[in-house]
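**Student:** Handing over protein-v7.csv, CSV, C-alpha atoms.
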chain,number,residue,atom,x,y,z
P,25,MET,CA,41.1,-20.1,-14.2
P,26,ASP,CA,43.7,-18.2,-12.3
P,27,SER,CA,45.7,-21.4,-11.8
P,28,SER,CA,45.6,-22.3,-15.5
P,29,ILE,CA,46.8,-18.7,-16.4
P,30,SER,CA,49.7,-18.9,-13.9
P,31,LYS,CA,50.7,-22.3,-15.3
P,32,ARG,CA,50.6,-21.1,-18.8
P,33,THR,CA,52.6,-18.0,-17.9
P,34,LEU,CA,55.2,-20.2,-16.1
P,35,ARG,CA,55.4,-22.5,-19.1
P,36,HIS,CA,56.0,-19.6,-21.5
P,37,GLY,CA,58.6,-18.2,-19.1
P,38,SER,CA,60.6,-21.4,-19.1
P,39,PHE,CA,60.0,-21.8,-22.8
P,40,PHE,CA,61.9,-18.5,-23.5
P,41,ARG,CA,64.4,-19.0,-20.6
P,42,GLU,CA,65.8,-22.3,-21.9
P,43,PRO,CA,66.8,-21.2,-25.4
P,44,THR,CA,68.1,-18.0,-24.0
P,45,LEU,CA,70.4,-19.9,-21.6
P,46,ILE,CA,71.4,-22.2,-24.4
P,47,ALA,CA,72.4,-19.3,-26.5
P,48,LEU,CA,74.4,-17.6,-23.7
P,49,GLN,CA,76.1,-20.9,-22.8
P,50,THR,CA,77.1,-21.5,-26.5
P,51,MET,CA,78.5,-18.0,-26.7
P,52,ARG,CA,80.5,-18.5,-23.5
P,53,ALA,CA,81.8,-21.8,-24.6
P,54,HIS,CA,83.0,-20.5,-28.0
P,55,LYS,CA,84.1,-16.9,-27.2
P,56,LEU,CA,86.3,-16.3,-30.2
P,57,ARG,CA,83.7,-17.8,-32.6
P,58,SER,CA,80.9,-15.8,-31.0
P,59,PHE,CA,82.9,-12.5,-31.2
P,60,LEU,CA,83.6,-13.1,-34.9
P,61,MET,CA,80.0,-14.1,-35.5
P,62,LEU,CA,78.8,-10.9,-33.9
P,63,LEU,CA,81.4,-8.6,-35.3
P,64,GLY,CA,79.2,-7.3,-38.1
P,65,ILE,CA,76.4,-6.5,-35.6
P,66,ILE,CA,78.8,-4.8,-33.2
P,67,LEU,CA,80.3,-2.6,-35.9
P,68,SER,CA,77.0,-1.6,-37.3
P,69,VAL,CA,75.4,-0.8,-34.0
P,70,SER,CA,78.6,1.1,-32.9
P,71,THR,CA,78.6,3.1,-36.1
P,72,LEU,CA,74.9,3.9,-35.7
P,73,ILE,CA,75.2,5.0,-32.1
P,74,LEU,CA,78.3,7.1,-32.8
P,75,VAL,CA,76.7,8.9,-35.8
P,76,VAL,CA,73.5,9.5,-33.8
P,77,ALA,CA,75.6,10.7,-30.8
P,78,LEU,CA,77.6,13.1,-33.0
P,79,ILE,CA,74.5,14.5,-34.7
P,80,SER,CA,72.6,14.8,-31.5
P,81,GLY,CA,75.5,16.5,-29.7
P,82,MET,CA,76.1,18.8,-32.7
P,83,ASN,CA,72.4,19.7,-32.9
P,84,GLY,CA,72.3,20.7,-29.3
P,85,TYR,CA,75.6,22.6,-29.6
P,86,PHE,CA,74.4,24.4,-32.8
P,87,ALA,CA,71.0,25.2,-31.2
P,88,SER,CA,72.6,26.7,-28.1
P,89,ARG,CA,75.7,28.4,-29.6
P,90,VAL,CA,74.8,29.4,-33.2
P,91,ALA,CA,71.0,29.3,-33.8
P,92,ASN,CA,70.2,30.9,-30.4
P,93,LEU,CA,69.2,34.4,-31.5
P,94,GLY,CA,67.6,35.2,-28.1
P,95,SER,CA,64.3,34.6,-26.5
P,96,ASN,CA,61.6,34.7,-29.2
P,97,VAL,CA,63.8,36.8,-31.4
P,98,PHE,CA,64.0,36.9,-35.2
P,99,LEU,CA,66.2,39.1,-37.4
P,100,ILE,CA,65.5,41.1,-40.6
P,101,HIS,CA,68.6,41.0,-42.8
P,102,LYS,CA,69.5,42.0,-46.3
P,103,PHE,CA,69.8,38.3,-47.2
P,104,PRO,CA,67.8,35.2,-46.2
P,105,ILE,CA,69.5,31.9,-45.7
P,106,ILE,CA,70.8,30.9,-49.1
P,107,SER,CA,72.6,27.6,-49.9
P,108,ASP,CA,72.7,27.9,-53.7
P,109,SER,CA,75.4,30.0,-55.5
P,110,LYS,CA,73.0,31.1,-58.3
P,111,GLU,CA,70.4,32.2,-55.8
P,112,LEU,CA,73.0,34.1,-53.8
P,113,LEU,CA,74.1,35.9,-57.0
P,114,LYS,CA,70.5,36.7,-57.8
P,115,ALA,CA,69.8,38.0,-54.3
P,116,THR,CA,73.0,40.1,-54.4
P,117,ARG,CA,71.6,42.0,-57.4
P,118,ARG,CA,68.0,42.2,-56.1
P,119,ASN,CA,68.2,42.7,-52.4
P,120,ARG,CA,68.6,46.2,-50.9
P,121,ASP,CA,70.3,47.2,-47.7
P,122,ILE,CA,68.3,47.3,-44.5
P,123,THR,CA,68.3,51.1,-43.7
P,124,TRP,CA,67.7,53.2,-40.6
P,125,GLU,CA,64.4,54.2,-42.1
P,126,ASP,CA,63.4,50.5,-42.4
P,127,TYR,CA,64.2,50.2,-38.7
P,128,VAL,CA,62.2,53.3,-37.7
P,129,ALA,CA,59.2,52.0,-39.8
P,130,LEU,CA,59.3,48.6,-38.1
P,131,HIS,CA,59.8,50.1,-34.7
P,132,ASP,CA,56.9,52.5,-35.0
P,133,ASN,CA,54.4,50.3,-36.9
P,134,LEU,CA,54.8,46.7,-35.7
P,135,LYS,CA,51.8,46.0,-33.4
P,136,LEU,CA,52.5,42.4,-32.4
P,137,ALA,CA,56.2,42.8,-31.4
P,138,GLN,CA,57.3,43.2,-27.8
P,139,ALA,CA,60.4,45.1,-28.8
P,140,VAL,CA,62.3,46.2,-32.0
P,141,GLY,CA,66.0,47.0,-31.9
P,142,VAL,CA,68.8,47.4,-34.4
P,143,GLU,CA,72.5,46.5,-34.6
P,144,VAL,CA,75.3,46.8,-37.0
P,145,ARG,CA,78.7,45.2,-37.1
P,146,ARG,CA,82.2,45.4,-38.5
P,147,THR,CA,85.7,44.4,-37.5
P,148,ALA,CA,88.3,46.9,-36.2
P,149,LYS,CA,91.6,47.3,-34.3
P,150,VAL,CA,91.3,47.8,-30.6
P,151,ARG,CA,94.1,49.1,-28.4
P,152,ALA,CA,94.7,49.6,-24.7
P,153,GLU,CA,97.7,49.9,-22.4
P,154,ARG,CA,100.1,49.1,-25.3
P,155,GLN,CA,98.2,45.9,-26.1
P,156,ASN,CA,96.6,45.6,-29.6
P,157,LEU,CA,93.9,43.3,-30.8
P,158,GLU,CA,93.1,42.8,-34.5
P,159,ASP,CA,89.7,41.9,-36.1
P,160,VAL,CA,87.6,42.7,-33.0
P,161,ASP,CA,83.9,42.6,-33.7
P,162,ILE,CA,82.6,46.1,-33.2
P,163,ARG,CA,78.8,46.2,-32.7
P,164,GLY,CA,76.6,49.3,-32.7
P,165,VAL,CA,73.4,48.5,-30.8
P,166,THR,CA,70.3,50.1,-29.4
P,167,ALA,CA,69.7,49.8,-25.7
P,168,ASN,CA,67.0,47.2,-26.0
P,169,ILE,CA,69.3,44.7,-27.8
P,170,GLY,CA,70.6,43.9,-24.3
P,171,ASP,CA,67.1,42.4,-23.4
P,172,MET,CA,67.0,40.3,-26.6
P,173,ASP,CA,70.6,39.1,-27.2
P,174,VAL,CA,72.2,36.1,-25.6
P,175,GLU,CA,75.1,38.2,-24.3
P,176,GLU,CA,74.7,39.1,-20.6
P,177,VAL,CA,76.5,41.7,-18.5
P,178,ALA,CA,78.9,40.3,-15.9
P,179,THR,CA,80.0,43.6,-14.3
P,180,GLY,CA,79.1,47.2,-15.0
P,181,ARG,CA,76.2,47.9,-17.4
P,182,TYR,CA,75.0,47.7,-21.0
P,183,ILE,CA,74.5,50.5,-23.5
P,184,THR,CA,71.6,52.8,-22.5
P,185,ASP,CA,69.2,55.0,-24.4
P,186,SER,CA,71.0,58.0,-23.0
P,187,ASP,CA,74.3,56.8,-24.5
P,188,ASN,CA,72.6,56.7,-27.9
P,189,GLN,CA,70.9,60.0,-27.6
P,190,HIS,CA,74.2,61.7,-26.7
P,191,ARG,CA,76.4,59.6,-29.0
P,192,ALA,CA,78.4,58.7,-26.0
P,193,MET,CA,81.9,57.3,-26.3
P,194,VAL,CA,81.3,54.3,-24.0
P,195,CYS,CA,81.5,50.6,-24.6
P,196,MET,CA,80.8,47.1,-23.1
P,197,ILE,CA,83.6,44.6,-23.9
P,198,GLY,CA,83.7,40.9,-24.3
P,199,ALA,CA,85.5,38.6,-21.8
P,200,ASP,CA,88.4,37.9,-24.1
P,201,VAL,CA,88.9,41.5,-24.8
P,202,ALA,CA,89.0,42.3,-21.1
P,203,ASP,CA,91.4,39.5,-20.4
P,204,LYS,CA,93.8,40.4,-23.2
P,205,LEU,CA,93.8,44.1,-22.8
P,206,PHE,CA,93.5,44.4,-19.0
P,207,ALA,CA,95.1,41.3,-17.6
P,208,ASN,CA,94.7,41.2,-13.8
P,209,THR,CA,93.1,44.7,-13.9
P,210,ASP,CA,89.5,45.8,-13.5
P,211,PRO,CA,88.6,47.3,-17.0
P,212,ILE,CA,85.6,49.3,-15.7
P,213,GLY,CA,86.4,53.0,-16.1
P,214,LYS,CA,89.5,52.3,-18.3
P,215,THR,CA,89.9,53.6,-21.8
P,216,ILE,CA,90.3,51.7,-25.1
P,217,ALA,CA,90.9,52.9,-28.6
P,218,VAL,CA,88.6,51.6,-31.4
P,219,ASP,CA,90.1,52.5,-34.8
P,220,GLY,CA,91.8,55.5,-33.1
P,221,GLU,CA,88.7,56.7,-31.2
P,222,GLU,CA,88.8,56.5,-27.4
P,223,PHE,CA,85.9,54.8,-25.5
P,224,GLN,CA,85.4,54.4,-21.8
P,225,VAL,CA,84.6,50.8,-20.7
P,226,VAL,CA,81.3,50.8,-18.7
P,227,GLY,CA,80.6,47.0,-18.8
P,228,ILE,CA,82.1,43.5,-19.2
P,229,ALA,CA,80.0,40.7,-20.7
P,230,LYS,CA,79.8,37.2,-19.3
P,231,LYS,CA,82.1,34.7,-21.0
P,232,ILE,CA,80.4,32.7,-23.7
P,233,GLY,CA,83.2,30.4,-24.9
P,234,ASN,CA,84.2,29.0,-28.3
P,235,THR,CA,81.9,27.9,-31.1
P,236,PHE,CA,83.6,25.5,-33.5
P,237,GLY,CA,86.9,26.6,-32.2
P,238,GLN,CA,86.3,30.3,-32.6
P,239,SER,CA,86.0,32.7,-29.6
P,240,GLN,CA,82.6,34.3,-29.1
P,241,ASP,CA,84.0,36.8,-26.6
P,242,THR,CA,86.1,39.1,-28.8
P,243,PHE,CA,83.6,42.0,-29.2
P,244,VAL,CA,83.0,45.6,-28.2
P,245,TYR,CA,79.5,47.0,-28.0
P,246,ILE,CA,79.1,50.7,-28.5
P,247,PRO,CA,76.0,52.9,-29.0
P,248,ILE,CA,74.7,52.6,-32.5
P,249,GLU,CA,74.5,56.3,-33.0
P,250,THR,CA,78.2,56.5,-32.2
P,251,TRP,CA,78.9,53.6,-34.6
P,252,LEU,CA,77.0,55.4,-37.4
P,253,LYS,CA,78.9,58.7,-36.6
P,254,MET,CA,82.2,56.9,-36.9
P,255,TYR,CA,81.6,54.6,-39.9
P,256,GLY,CA,78.7,56.3,-41.8
P,257,ARG,CA,75.2,55.3,-42.6
P,258,ASN,CA,75.9,53.5,-45.9
P,259,ASN,CA,75.9,50.1,-44.2
P,260,THR,CA,73.1,47.5,-44.1
P,261,LEU,CA,71.6,47.0,-40.6
P,262,SER,CA,70.2,44.1,-38.8
P,263,VAL,CA,66.8,44.7,-37.2
P,264,ASN,CA,66.1,42.5,-34.2
P,265,VAL,CA,62.4,41.8,-33.4
P,266,GLN,CA,61.2,40.2,-30.2
P,267,ALA,CA,57.8,38.5,-30.2
P,268,ARG,CA,55.6,38.4,-27.2
P,269,GLY,CA,56.0,34.7,-26.8
P,270,PRO,CA,56.6,31.5,-28.9
P,271,GLU,CA,53.0,31.4,-30.0
P,272,TRP,CA,53.3,34.9,-31.4
P,273,MET,CA,56.4,34.2,-33.5
P,274,ALA,CA,54.7,33.2,-36.8
P,275,ARG,CA,52.2,36.1,-36.7
P,276,THR,CA,54.9,38.7,-35.8
P,277,LYS,CA,57.2,37.5,-38.6
P,278,GLU,CA,54.3,37.7,-41.1
P,279,GLU,CA,53.5,41.2,-39.9
P,280,ALA,CA,57.1,42.3,-40.3
P,281,ARG,CA,57.3,40.7,-43.7
P,282,VAL,CA,54.1,42.4,-44.9
P,283,LEU,CA,55.4,45.8,-43.6
P,284,MET,CA,58.7,45.4,-45.4
P,285,ARG,CA,57.1,44.3,-48.6
P,286,ALA,CA,54.8,47.4,-48.5
P,287,ARG,CA,57.8,49.7,-47.8
P,288,ARG,CA,59.5,48.3,-50.9
P,289,HIS,CA,56.4,48.4,-53.1
P,290,LEU,CA,56.6,44.7,-54.0
P,291,ALA,CA,53.9,43.2,-56.1
P,292,PRO,CA,52.1,40.1,-54.8
P,293,ASN,CA,54.1,37.8,-57.1
P,294,ASP,CA,57.4,39.4,-56.4
P,295,GLU,CA,60.0,37.6,-54.3
P,296,ASP,CA,61.1,39.2,-51.0
P,297,ASN,CA,64.2,41.4,-51.4
P,298,PHE,CA,65.2,40.9,-47.8
P,299,GLY,CA,65.6,38.0,-45.4
P,300,ILE,CA,63.9,37.0,-42.1
P,301,LEU,CA,66.1,34.8,-40.0
P,302,ALA,CA,64.9,32.8,-37.0
P,303,SER,CA,66.3,30.0,-34.9
P,304,ASP,CA,64.1,27.4,-36.7
P,305,SER,CA,65.3,28.5,-40.1
P,306,LEU,CA,69.0,28.2,-39.0
P,307,MET,CA,68.3,24.8,-37.4
P,308,GLY,CA,66.5,23.7,-40.6
P,309,LEU,CA,69.6,24.5,-42.6
P,310,TRP,CA,71.9,22.7,-40.1
P,311,GLN,CA,69.6,19.6,-40.0
P,312,ASN,CA,69.7,19.4,-43.8
P,313,LEU,CA,73.5,19.2,-43.6
P,314,THR,CA,73.5,16.6,-40.8
P,315,GLY,CA,70.7,14.7,-42.6
P,316,THR,CA,73.1,14.3,-45.5
P,317,LEU,CA,75.7,12.9,-43.1
P,318,ALA,CA,73.2,10.5,-41.6
P,319,SER,CA,71.9,9.2,-44.9
P,320,GLY,CA,75.4,8.6,-46.1
P,321,MET,CA,76.1,6.4,-43.0
P,322,VAL,CA,72.9,4.3,-43.6
P,323,GLY,CA,74.6,2.5,-46.4
P,324,LEU,CA,77.6,1.6,-44.3
P,325,VAL,CA,75.5,0.5,-41.4
P,326,SER,CA,73.3,-1.6,-43.7
P,327,ILE,CA,76.3,-3.4,-45.1
P,328,PHE,CA,77.6,-4.3,-41.6
P,329,LEU,CA,74.1,-5.5,-40.6
P,330,VAL,CA,73.8,-7.8,-43.6
P,331,ILE,CA,77.2,-9.2,-43.0
P,332,GLY,CA,76.4,-9.8,-39.4
P,333,GLY,CA,73.1,-11.3,-40.2
P,334,VAL,CA,74.6,-13.7,-42.8
P,335,VAL,CA,77.2,-14.8,-40.3
P,336,ILE,CA,74.6,-15.5,-37.6
P,337,MET,CA,72.5,-17.5,-40.1
P,338,ASN,CA,75.5,-19.6,-41.0
P,339,VAL,CA,76.4,-20.3,-37.4
P,340,MET,CA,72.8,-21.2,-36.6
P,341,LEU,CA,72.7,-23.6,-39.6
P,342,ALA,CA,75.9,-25.2,-38.2
P,343,SER,CA,74.2,-25.4,-34.8
P,344,VAL,CA,71.1,-27.1,-36.3
P,345,THR,CA,73.4,-29.7,-37.9
P,346,GLU,CA,75.3,-30.2,-34.6
P,347,ARG,CA,72.1,-30.7,-32.6
P,348,THR,CA,70.2,-32.8,-35.1
P,349,ARG,CA,69.9,-35.8,-32.7
P,350,GLU,CA,68.8,-33.4,-29.9
P,351,ILE,CA,66.0,-32.1,-32.1
P,352,GLY,CA,65.0,-35.7,-33.0
P,353,ILE,CA,64.8,-36.6,-29.3
P,354,ARG,CA,62.7,-33.5,-28.5
P,355,LYS,CA,60.3,-34.2,-31.3
P,356,SER,CA,60.0,-37.9,-30.3
P,357,LEU,CA,59.1,-36.7,-26.8
P,358,GLY,CA,56.3,-34.5,-28.1
P,359,ALA,CA,57.9,-31.2,-29.1
P,360,LYS,CA,56.0,-29.5,-31.9
P,361,LYS,CA,57.4,-27.7,-35.0
P,362,ARG,CA,56.4,-24.4,-33.3
P,363,ASP,CA,58.5,-25.3,-30.2
P,364,ILE,CA,61.6,-26.0,-32.3
P,365,LEU,CA,61.1,-23.0,-34.5
P,366,MET,CA,60.8,-20.7,-31.5
P,367,GLN,CA,63.8,-22.2,-29.7
P,368,PHE,CA,66.1,-21.4,-32.6
P,369,LEU,CA,64.6,-18.0,-33.3
P,370,VAL,CA,65.0,-17.0,-29.6
P,371,GLU,CA,68.7,-18.2,-29.7
P,372,SER,CA,69.5,-16.2,-32.8
P,373,THR,CA,67.7,-13.2,-31.5
P,374,VAL,CA,69.5,-13.4,-28.1
P,375,MET,CA,72.9,-13.6,-30.0
P,376,ALA,CA,72.1,-10.6,-32.1
P,377,MET,CA,70.9,-8.6,-29.0
P,378,VAL,CA,74.1,-9.4,-27.2
P,379,GLY,CA,76.0,-8.1,-30.2
P,380,GLY,CA,73.8,-5.0,-30.2
P,381,ALA,CA,74.5,-4.4,-26.5
P,382,MET,CA,78.2,-4.8,-27.0
P,383,GLY,CA,78.0,-2.3,-29.9
P,384,VAL,CA,76.1,0.2,-27.7
P,385,LEU,CA,78.7,-0.2,-24.9
P,386,ILE,CA,81.6,0.3,-27.2
P,387,ALA,CA,80.0,3.4,-28.8
P,388,TRP,CA,79.2,4.9,-25.4
P,389,ILE,CA,82.8,4.5,-24.2
P,390,LEU,CA,84.1,6.0,-27.4
P,391,SER,CA,81.7,9.0,-27.2
P,392,VAL,CA,82.8,9.6,-23.6
P,393,ILE,CA,86.4,9.6,-24.7
P,394,VAL,CA,85.8,11.9,-27.6
P,395,ARG,CA,83.7,14.3,-25.5
P,396,SER,CA,86.3,14.5,-22.7
P,397,THR,CA,89.4,14.8,-24.9
P,398,THR,CA,88.2,16.9,-27.9
P,399,PRO,CA,85.9,19.9,-28.4
P,400,VAL,CA,83.5,17.7,-30.4
P,401,PRO,CA,80.1,17.5,-28.6
P,402,MET,CA,78.7,13.9,-28.3
P,403,ALA,CA,75.4,12.9,-26.7
P,404,VAL,CA,74.0,9.4,-26.7
P,405,PRO,CA,70.2,9.6,-26.6
P,406,ILE,CA,68.2,6.8,-25.0
P,407,SER,CA,66.1,6.5,-28.1
P,408,ALA,CA,69.2,5.6,-30.1
P,409,VAL,CA,70.1,2.9,-27.7
P,410,ILE,CA,66.6,1.4,-27.9
P,411,LEU,CA,66.6,1.7,-31.7
P,412,ALA,CA,70.0,-0.1,-31.9
P,413,ILE,CA,68.8,-3.0,-29.7
P,414,ALA,CA,65.6,-3.2,-31.7
P,415,ILE,CA,67.4,-3.3,-35.0
P,416,SER,CA,69.9,-5.9,-33.8
P,417,SER,CA,67.0,-8.0,-32.5
P,418,ALA,CA,65.2,-7.7,-35.9
P,419,VAL,CA,68.4,-8.8,-37.7
P,420,GLY,CA,68.6,-11.9,-35.4
P,421,ILE,CA,64.9,-12.7,-36.1
P,422,PHE,CA,65.2,-12.2,-39.9
P,423,PHE,CA,68.3,-14.2,-40.4
P,424,GLY,CA,67.3,-16.8,-37.8
P,425,VAL,CA,64.1,-17.7,-39.6
P,426,TYR,CA,65.7,-20.0,-42.2
P,427,PRO,CA,67.8,-22.1,-39.8
P,428,ALA,CA,64.8,-22.3,-37.4
P,429,ARG,CA,62.5,-23.5,-40.1
P,430,LYS,CA,65.1,-26.0,-41.2
P,431,ALA,CA,65.3,-27.3,-37.7
P,432,ALA,CA,61.5,-27.4,-37.2
P,433,ARG,CA,61.0,-29.4,-40.4
P,434,LEU,CA,63.5,-32.2,-39.5
P,435,ASP,CA,62.0,-35.7,-39.5
P,436,PRO,CA,62.3,-37.1,-36.0
P,437,ILE,CA,63.2,-40.6,-37.2
P,438,GLU,CA,65.9,-39.3,-39.6
P,439,ALA,CA,67.2,-36.9,-36.9
P,440,LEU,CA,67.6,-39.8,-34.4
P,441,ARG,CA,69.6,-41.8,-37.0
P,442,TYR,CA,71.9,-38.8,-37.6
P,443,GLU,CA,75.5,-39.3,-36.7
P,444,ASN,CA,77.9,-36.3,-36.2
Would you mind giving the structure from this file in structure tokens?
**Tutor:**
Amino acid sequence: MDSSISKRTLRHGSFFREPTLIALQTMRAHKLRSFLMLLGIILSVSTLILVVALISGMNGYFASRVANLGSNVFLIHKFPIISDSKELLKATRRNRDITWEDYVALHDNLKLAQAVGVEVRRTAKVRAERQNLEDVDIRGVTANIGDMDVEEVATGRYITDSDNQHRAMVCMIGADVADKLFANTDPIGKTIAVDGEEFQVVGIAKKIGNTFGQSQDTFVYIPIETWLKMYGRNNTLSVNVQARGPEWMARTKEEARVLMRARRHLAPNDEDNFGILASDSLMGLWQNLTGTLASGMVGLVSIFLVIGGVVIMNVMLASVTERTREIGIRKSLGAKKRDILMQFLVESTVMAMVGGAMGVLIAWILSVIVRSTTPVPMAVPISAVILAIAISSAVGIFFGVYPARKAARLDPIEALRYEN
């Protein structure tokens, strides 16, 4: 039994190897024709890989740079994520500011949260040592925001509870603020002016870099009580809530939502007049946008695939005509219809796979060039490569069926009489 299985395996191996070698030899002998034949497959696979690489790279970039709110952190804002102008207008009329009293209520009553902090932002002019910076992001924060936020301290320290209690005039500055105001000088202990008020620098944040070409390091953190003293309390706040872990996120968000609805006396059927933002909701909005891009490219890829498949079918039909006598000889020697059918199917599939592999290689080279020469993030996932090869193989099989069936149905006697 073992010997019969090994013979059968060997026979099947040679059965697939022969048409594969024939397909490769044909492509090598007619390089220009083969390239033109596979151009549609190459273009479609290249487009598919590039689009997937762009979306994959942008998703990773967005998740790490934009949607990263901190470890197990969600925000309570005045507005939720709104993509419709009518809904935005409606929310503007309905939603109320997040107040200091809201923060205190959440801080004192949330049982599932690990920490509850608050921050508020605005832009201001910052000055130091005859250097001015416009539109700097001034953030008033509680001390525990440092444990939740993605910004980390490089040197010095963060804002403390004592700073807030005493409304201290101290600050932690971003890397770009430090570089531009204190070039080649240690900023720790130096003084900066924020809208005319002097602050002592007690910390410098680690450099974050740019997001979509915009610097994320142009900010100044000050105690929130100091911020409120300077700019007043008639500003909507952002309450940051940190859950105990990923498995606690859903329940903690629901607890915060119930508490906010109760504070605002909303009936069961009333819509929320506040927003709860988490990384998954931001990623959902982003993926809706990228999904629109991906669906728009499907049509273009489909057109290229159909064109490539039709060309492969025409070439295979020509190949059947050129090899009619060969088919007649093989049939006269005992080859079955199944053998001829499989031979031509394997040939068309191998050709399409070669085109797919070339498309993957071209797309990978282009993605490396784009990633190294531009700020556009590109990442080619292995799953996309496997999908592209599978799609090109499927195209080869689908458009190779008709020529293969035509070859398999040839009458051996008529085939032997055929003259090219």
**Student:** One decimal, in Å: what's the spacing between atom CA of Val76 of chain P and atom CA of Asn234 of chain P?
**Tutor:**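 One can read the atom CA of Val76 of chain P to atom CA of Asn234 of chain P distance as 22.9 Å.
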**Student:** Closest to Leu341 of chain P among P:Arg288, P:Arg268, P:Lys430, P:Arg41, using only C-alpha atoms?
**Tutor:**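 Between P:Arg288, P:Arg268, P:Lys430, P:Arg41, the residue approaching Leu341 of chain P most closely is P:Lys430.
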**Student:** Between P:Gln224, P:Asn133, P:Gln49, P:Ser303, which has the minimum distance to Met273 of chain P (counting only C-alpha atoms)?
**Tutor:**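 Closest candidate: P:Ser303.
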**Student:** Which of these, P:Met61, P:Leu74, P:Arg145, P:Gly198, has the shortest distance to Ile386 of chain P once you count only C-alpha atoms?
**Tutor:**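 For Ile386 of chain P, the nearest of the given residues is P:Leu74.
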**Student:** Determine, counting all atoms listed in the file, which protein, DNA and RNA residues have an atom within 10 Å of an atom of segment 95-107 of chain P; residues of the same chain fewer than 4 positions away are not included. Present the result as a PyMOL selection string.
**Tutor:** chain P and resi 111-113+115-116+118-123+126-127+137-142+171-174+260-273+276-277+280-281+284+296-306+309
**Student:** Which residue is closest to Gly170 of chain P? Choose from P:Leu357, P:Gly227, P:Lys253, P:Gln155 and count all atoms listed in the file.
**Tutor:**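 Of P:Leu357, P:Gly227, P:Lys253, P:Gln155, the one nearest Gly170 of chain P is P:Gly227, counting all atoms listed in the file.
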**Student:** The residues within 9 Å of (79.4, 55.8, -23.4), using all atoms listed in the file and the coordinates of the file, should be reported as a VMD selection string; which are they?
**Tutor:** chain P and resid 183 to 184 186 to 188 190 to 196 223 to 226 246 to 247 250
**Student:** Counting only C-alpha atoms, find the residues whose atoms lie at most 12 Å from (71.9, -8.1, -27.0) (file coordinates) and write them out as a PyMOL selection string.
**Tutor:** chain P and resi 44+47-48+51+62+65-66+69+370-385+409-410+412-420
**Student:** Kindly indicate which residue among P:Gly213, P:Gly81, P:Gly320, P:Gly164 lies nearest to Ile248 of chain P, using only C-alpha atoms for the distances.
**Tutor:**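 Smallest separation from Ile248 of chain P among the options: P:Gly164.
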**Student:** Closest to Gly424 of chain P among P:Ile336, P:Ala342, P:Ile327, P:Leu205, using all atoms listed in the file?
**Tutor:**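 Result for the nearest residue to Gly424 of chain P: P:Ile336.
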**Student:** Got a minute to add N, CA and C atoms to segment 313-325 of chain P and dump it as a PDB file, in the frame of the given file?
**Tutor:**
ATOM      1  N   LEU P 313      72.109  19.621 -43.430  1.00  0.00           N
ATOM      2  CA  LEU P 313      73.500  19.200 -43.600  1.00  0.00           C
ATOM      3  C   LEU P 313      73.745  17.893 -42.797  1.00  0.00           C
ATOM      4  N   THR P 314      73.277  17.819 -41.548  1.00  0.00           N
ATOM      5  CA  THR P 314      73.500  16.600 -40.800  1.00  0.00           C
ATOM      6  C   THR P 314      72.669  15.441 -41.311  1.00  0.00           C
ATOM      7  N   GLY P 315      71.519  15.755 -41.930  1.00  0.00           N
ATOM      8  CA  GLY P 315      70.700  14.700 -42.600  1.00  0.00           C
ATOM      9  C   GLY P 315      71.486  14.041 -43.699  1.00  0.00           C
ATOM     10  N   THR P 316      72.263  14.834 -44.431  1.00  0.00           N
ATOM     11  CA  THR P 316      73.100  14.300 -45.500  1.00  0.00           C
ATOM     12  C   THR P 316      74.141  13.337 -44.932  1.00  0.00           C
ATOM     13  N   LEU P 317      74.746  13.724 -43.809  1.00  0.00           N
ATOM     14  CA  LEU P 317      75.700  12.900 -43.100  1.00  0.00           C
ATOM     15  C   LEU P 317      75.052  11.567 -42.684  1.00  0.00           C
ATOM     16  N   ALA P 318      73.876  11.689 -42.084  1.00  0.00           N
ATOM     17  CA  ALA P 318      73.200  10.500 -41.600  1.00  0.00           C
ATOM     18  C   ALA P 318      72.800   9.549 -42.695  1.00  0.00           C
ATOM     19  N   SER P 319      72.283  10.103 -43.797  1.00  0.00           N
ATOM     20  CA  SER P 319      71.900   9.200 -44.900  1.00  0.00           C
ATOM     21  C   SER P 319      73.096   8.553 -45.532  1.00  0.00           C
ATOM     22  N   GLY P 320      74.237   9.236 -45.525  1.00  0.00           N
ATOM     23  CA  GLY P 320      75.400   8.600 -46.100  1.00  0.00           C
ATOM     24  C   GLY P 320      75.929   7.452 -45.222  1.00  0.00           C
ATOM     25  N   MET P 321      75.649   7.504 -43.909  1.00  0.00           N
ATOM     26  CA  MET P 321      76.100   6.400 -43.000  1.00  0.00           C
ATOM     27  C   MET P 321      75.128   5.236 -43.051  1.00  0.00           C
ATOM     28  N   VAL P 322      73.896   5.438 -43.544  1.00  0.00           N
ATOM     29  CA  VAL P 322      72.900   4.300 -43.600  1.00  0.00           C
ATOM     30  C   VAL P 322      73.445   3.186 -44.418  1.00  0.00           C
ATOM     31  N   GLY P 323      74.075   3.513 -45.562  1.00  0.00           N
ATOM     32  CA  GLY P 323      74.600   2.500 -46.400  1.00  0.00           C
ATOM     33  C   GLY P 323      75.662   1.623 -45.715  1.00  0.00           C
ATOM     34  N   LEU P 324      76.584   2.285 -45.007  1.00  0.00           N
ATOM     35  CA  LEU P 324      77.600   1.600 -44.300  1.00  0.00           C
ATOM     36  C   LEU P 324      77.053   0.699 -43.193  1.00  0.00           C
ATOM     37  N   VAL P 325      76.112   1.243 -42.428  1.00  0.00           N
ATOM     38  CA  VAL P 325      75.500   0.500 -41.400  1.00  0.00           C
ATOM     39  C   VAL P 325      74.721  -0.726 -41.951  1.00  0.00           C
TER      40      VAL P 325
END
